[in-house]
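The structure appears below as structure tokens.
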Amino acid sequence: MNPIPSDEILLDRARNGDQNAFREILERHQPAVARTVAGMLGNPSEVDDVVQVVFIRFYKAMDRFRGDASCSTYLTRIAINASLDVLRRRKKLRSRFISRDNADKALSEPGADDPESERFDQIKLINSAMNQLKPKHRAVVVLRLIDGCSVIETAELLGIAQGTVMSRLSRATAHLRQILGPILEKER
Amino acid sequence: MTPLGDSRLPSLLQEAAQMNADSGMKPFLADRIMRRVRSIHSREEQFFQAIWLVFKPVILASALFILGVLSYNALVSRNYEIRPTTTEMVFGLQPLTLTTAYSADLDELSSTIP
């Protein structure tokens, strides 16, 4: 039985034109990238497109990637940047076409009584709460609370100071706690 | 320990992100990405093929011109009194002799000496 090749070995092979090696990297990291992107966007409809963009950018940048960070760190960085691009575009569109207040009210309306529907409404409320965060705060929340990165890793990934990570996280969680208070109480 | 003091917020956010990811991903993502990767490759190949097509006549013409100049130099250098070396012959250089060395313009040289 062949041992599972490391990311570095697969990357080397992919750089030399082995497309199967790239596919293996893709399949290995796709769930984590999708979760990061989904956390950042809070909107399932765009996740698939952005994940594709992330891997295409990674493929194009593969030759420049010299292994100073791990493959997953590099992909997370690309995922955060690609998501921030989408959020910027979305902000421009929203300011033109949609009233945010109305959208948020629609999302937080209570659903039917069955538990499945209640869970779905909870997720919608969480998405709505995340969408109210500033993109830079959202990036910290995604990396720290969803991806489980340390403060140091988050600071390195976003290119900010560790103190800034902690202050942004504190502000963001205070906001989330305010909106998600009822859900958090119910979960207790 | 999270900033909330427990793990409820992270687990809720993780669950929401996972649900968004699961419901947002369409089937055969890897296949679709690999198809795009291959199209990048073929686009690059097309670009280099186009460049080769454009520059092929230029390269051929330049090579023929260089060959012509070298042959002309070689032919002309046969008429020199002193047989030049191959390099001199090919590049059309005058062979250095005592006569050519003495015929240097001494006035011009002296003006460059302080």
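In the structure tokens, the first chain shown is A, the next is B, and so on; residue numbers restart at 1 for each chain, and ligands run from 1 in the order shown.
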
Could you list, with a cut-off of 8 Å and counting only C-alpha atoms, the residues of chain A near chain B, each shown with its nearest atom pair and the distance in Å rounded to one decimal, rows sorted by chain and ascending number, as CSV?
residue,atom,partner,partner_atom,distance
A:Gln19,CA,B:Met34,CA,7.9
A:Arg23,CA,B:Ala30,CA,6.9
A:Leu26,CA,B:Ala30,CA,6.9
A:Glu27,CA,B:Ala30,CA,6.8
A:Ala34,CA,B:Ala21,CA,5.5
A:Arg35,CA,B:Ala21,CA,5.5
A:Thr36,CA,B:Ala17,CA,7.4
A:Val37,CA,B:Ala21,CA,7.8
A:Ala38,CA,B:Ala21,CA,5.2
A:Gly39,CA,B:Ala17,CA,4.7
A:Gly42,CA,B:Asn20,CA,6.9
A:Asn43,CA,B:Asn20,CA,6.6
A:Pro44,CA,B:Gly24,CA,4.1
A:Ser45,CA,B:Gly24,CA,5.3
A:Glu46,CA,B:Gly24,CA,6.9
A:Val47,CA,B:Gly24,CA,5.4
A:Asp48,CA,B:Met25,CA,4.9
A:Gln52,CA,B:Ile33,CA,6.1
A:Phe55,CA,B:Ile33,CA,7.4
A:Ile56,CA,B:Val37,CA,6.8
A:Tyr59,CA,B:Val37,CA,7.5
A:Ile123,CA,B:Ala16,CA,5.4
A:Ile126,CA,B:Ala16,CA,6.9
A:Asn127,CA,B:Ala16,CA,7.3
A:Leu145,CA,B:Pro10,CA,4.9
A:Ile146,CA,B:Gln14,CA,5.0
A:Leu169,CA,B:Pro3,CA,7.9
A:Ser170,CA,B:Pro3,CA,6.6
A:Thr173,CA,B:Pro3,CA,7.0
A:Arg177,CA,B:Leu4,CA,7.8
A:Leu184,CA,B:Arg8,CA,6.7
A:Glu187,CA,B:Arg8,CA,7.3
A:Arg188,CA,B:Arg8,CA,7.9

Determine which residues of range 13-184 of chain A receive a DSSP assignment of helix (DSSP H, G or I), computed from the backbone, and state them as a PyMOL selection string.
chain A and resi 13-15+19-41+44-61+71-97+100-107+115-132+135-146+151-158+162-184

Mind giving me the straight-line distance from CA of Ser71 in chain B to CA of Glu88 in chain B in Å, one decimal?
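Computed distance, CA of Ser71 in chain B to CA of Glu88 in chain B, equals 12.4 Å.
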
Shell of 8 Å around range 84-92 of chain A, only C-alpha atoms, local chain residues under 4 positions omitted, as a PyMOL selection string:
chain A and resi 40-41+80+96+135

Taking N, CA and C atoms for each residue, export the selection above as a short mmCIF file (atom, residue, chain, number, x, y, z; two decimals), in the first residue's frame.
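Output saved as selection-v4.cif:
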data_model
loop_
_atom_site.label_atom_id
_atom_site.label_comp_id
_atom_site.auth_asym_id
_atom_site.auth_seq_id
_atom_site.Cartn_x
_atom_site.Cartn_y
_atom_site.Cartn_z
N MET A 40 -17.22 33.31 5.35
CA MET A 40 -16.99 34.70 4.97
C MET A 40 -18.20 35.30 4.26
N LEU A 41 -18.80 34.53 3.38
CA LEU A 41 -19.87 35.09 2.54
C LEU A 41 -21.25 35.03 3.21
N ILE A 80 -9.71 33.88 1.81
CA ILE A 80 -10.13 35.11 2.51
C ILE A 80 -10.11 36.29 1.53
N ARG A 96 -26.54 50.10 -4.21
CA ARG A 96 -27.30 50.58 -5.37
C ARG A 96 -28.73 50.07 -5.40
N PRO A 135 -16.39 43.47 6.88
CA PRO A 135 -15.59 42.37 6.31
C PRO A 135 -14.30 42.07 7.10
#

List as a ChimeraX atom specification the protein and nucleic acid residues near Gln132 in chain A, meaning an atom at most 10 Å away when only C-alpha atoms are counted, but skip any in the same chain fewer than 5 places from it.
/A:100,104,126-127,137-138,172,175-176,179

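CA of Arg119 in chain A to CA of Ile183 in chain A spans 9.9 Å [interatomic distance, one decimal].
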
Cut-off 8 Å: closest range 47-93 of chain A/range 155-168 of chain A atom pairs per residue, using only C-alpha atoms, as CSV:
residue,atom,partner,partner_atom,distance
A:Thr73,CA,A:Leu157,CA,7.5
A:Thr76,CA,A:Leu157,CA,7.9
A:Arg77,CA,A:Leu157,CA,5.9

Might you pull out every residue within 12 Å of range 8-10 of chain A, with only C-alpha atoms counted and same-chain residues fewer than 5 positions away left off, and present them as a VMD selection string?
chain A and resid 3 15 to 28 62 65 to 72

A:Val142, A:Val33, A:Ala174, A:Met130 ranked by distance to Val53 in chain A, top pick (using only C-alpha atoms)
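Ranked by minimum distance to Val53 in chain A, first place goes to A:Val33.
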
Neighbouring residues of Val50 in chain A were defined as those with any atom within 8 Å, considering only C-alpha atoms; residues of the same chain fewer than 5 positions away were excluded. Please report them as a ChimeraX atom specification.
/A:37,79,82-83

Using N, CA, C and O atoms, can you write the selected residues to a file as a short mmCIF file (atom, residue, chain, number, x, y, z; two decimals), in the first residue's frame?
data_model
loop_
_atom_site.label_atom_id
_atom_site.label_comp_id
_atom_site.auth_asym_id
_atom_site.auth_seq_id
_atom_site.Cartn_x
_atom_site.Cartn_y
_atom_site.Cartn_z
N VAL A 37 -14.87 29.96 2.92
CA VAL A 37 -15.58 30.86 2.00
C VAL A 37 -17.04 31.03 2.46
O VAL A 37 -17.56 32.15 2.49
N ALA A 79 -8.48 32.20 -0.07
CA ALA A 79 -9.93 32.12 0.16
C ALA A 79 -10.45 33.40 0.82
O ALA A 79 -11.49 33.94 0.42
N ALA A 82 -10.26 36.26 -1.79
CA ALA A 82 -11.29 36.12 -2.82
C ALA A 82 -12.67 36.47 -2.24
O ALA A 82 -13.48 37.12 -2.90
N SER A 83 -12.92 36.06 -0.98
CA SER A 83 -14.20 36.36 -0.35
C SER A 83 -14.33 37.86 -0.10
O SER A 83 -15.41 38.43 -0.28
#

Within 12 Å of Arg78 in chain B using only C-alpha atoms, minus same-chain residues under 3 positions, as a PyMOL selection string:
chain B and resi 71-75+81-86+88-90+92-95

Can I get the selected residues back with N, CA, C and O atoms, as a compact mmCIF listing (two decimals), in the first residue's frame?
# COMPACT_ATOMS: atom_id res chain seq x y z
N SER B 71 28.76 34.62 -44.77
CA SER B 71 29.35 34.10 -46.00
C SER B 71 30.07 35.21 -46.78
O SER B 71 31.17 35.02 -47.30
N TYR B 72 29.42 36.37 -46.82
CA TYR B 72 30.02 37.52 -47.53
C TYR B 72 31.36 37.88 -46.89
O TYR B 72 32.36 38.06 -47.58
N ASN B 73 31.37 37.95 -45.55
CA ASN B 73 32.62 38.26 -44.83
C ASN B 73 33.70 37.24 -45.16
O ASN B 73 34.86 37.61 -45.42
N ALA B 74 33.29 35.97 -45.14
CA ALA B 74 34.27 34.91 -45.41
C ALA B 74 34.83 35.05 -46.84
O ALA B 74 36.04 34.88 -47.05
N LEU B 75 33.95 35.37 -47.79
CA LEU B 75 34.39 35.50 -49.18
C LEU B 75 35.33 36.70 -49.36
O LEU B 75 36.38 36.61 -50.01
N GLU B 81 45.72 40.26 -47.87
CA GLU B 81 47.10 39.77 -48.11
C GLU B 81 47.50 38.73 -47.08
O GLU B 81 48.09 37.71 -47.37
N ILE B 82 47.12 39.05 -45.81
CA ILE B 82 47.45 38.11 -44.73
C ILE B 82 46.22 37.29 -44.41
O ILE B 82 45.13 37.86 -44.30
N ARG B 83 46.45 36.00 -44.29
CA ARG B 83 45.29 35.14 -44.06
C ARG B 83 44.77 35.38 -42.63
O ARG B 83 45.48 35.20 -41.63
N PRO B 84 43.48 35.79 -42.47
CA PRO B 84 42.94 36.05 -41.13
C PRO B 84 42.55 34.75 -40.42
O PRO B 84 42.43 33.70 -41.06
N THR B 85 42.33 34.87 -39.12
CA THR B 85 41.85 33.69 -38.37
C THR B 85 40.38 33.47 -38.74
O THR B 85 39.74 34.34 -39.33
N THR B 86 39.85 32.34 -38.31
CA THR B 86 38.45 32.03 -38.66
C THR B 86 37.51 33.09 -38.09
O THR B 86 36.58 33.52 -38.77
N GLU B 88 38.15 36.22 -37.34
CA GLU B 88 38.28 37.47 -38.11
C GLU B 88 37.59 37.33 -39.47
O GLU B 88 36.94 38.27 -39.93
N MET B 89 37.74 36.15 -40.03
CA MET B 89 37.17 35.92 -41.35
C MET B 89 35.64 36.00 -41.31
O MET B 89 35.02 36.70 -42.10
N VAL B 90 35.06 35.34 -40.32
CA VAL B 90 33.60 35.27 -40.23
C VAL B 90 33.00 36.62 -39.87
O VAL B 90 31.98 37.04 -40.43
N GLY B 92 34.35 39.53 -40.31
CA GLY B 92 34.79 40.59 -41.20
C GLY B 92 35.78 41.55 -40.59
O GLY B 92 35.78 42.73 -40.92
N LEU B 93 36.59 41.06 -39.65
CA LEU B 93 37.57 41.94 -38.99
C LEU B 93 38.85 41.97 -39.81
O LEU B 93 39.26 40.94 -40.36
N GLN B 94 39.46 43.15 -39.83
CA GLN B 94 40.76 43.27 -40.49
C GLN B 94 41.81 42.59 -39.62
O GLN B 94 41.84 42.81 -38.43
N PRO B 95 42.68 41.75 -40.20
CA PRO B 95 43.73 41.15 -39.38
C PRO B 95 44.69 42.23 -38.87
O PRO B 95 45.00 43.18 -39.60
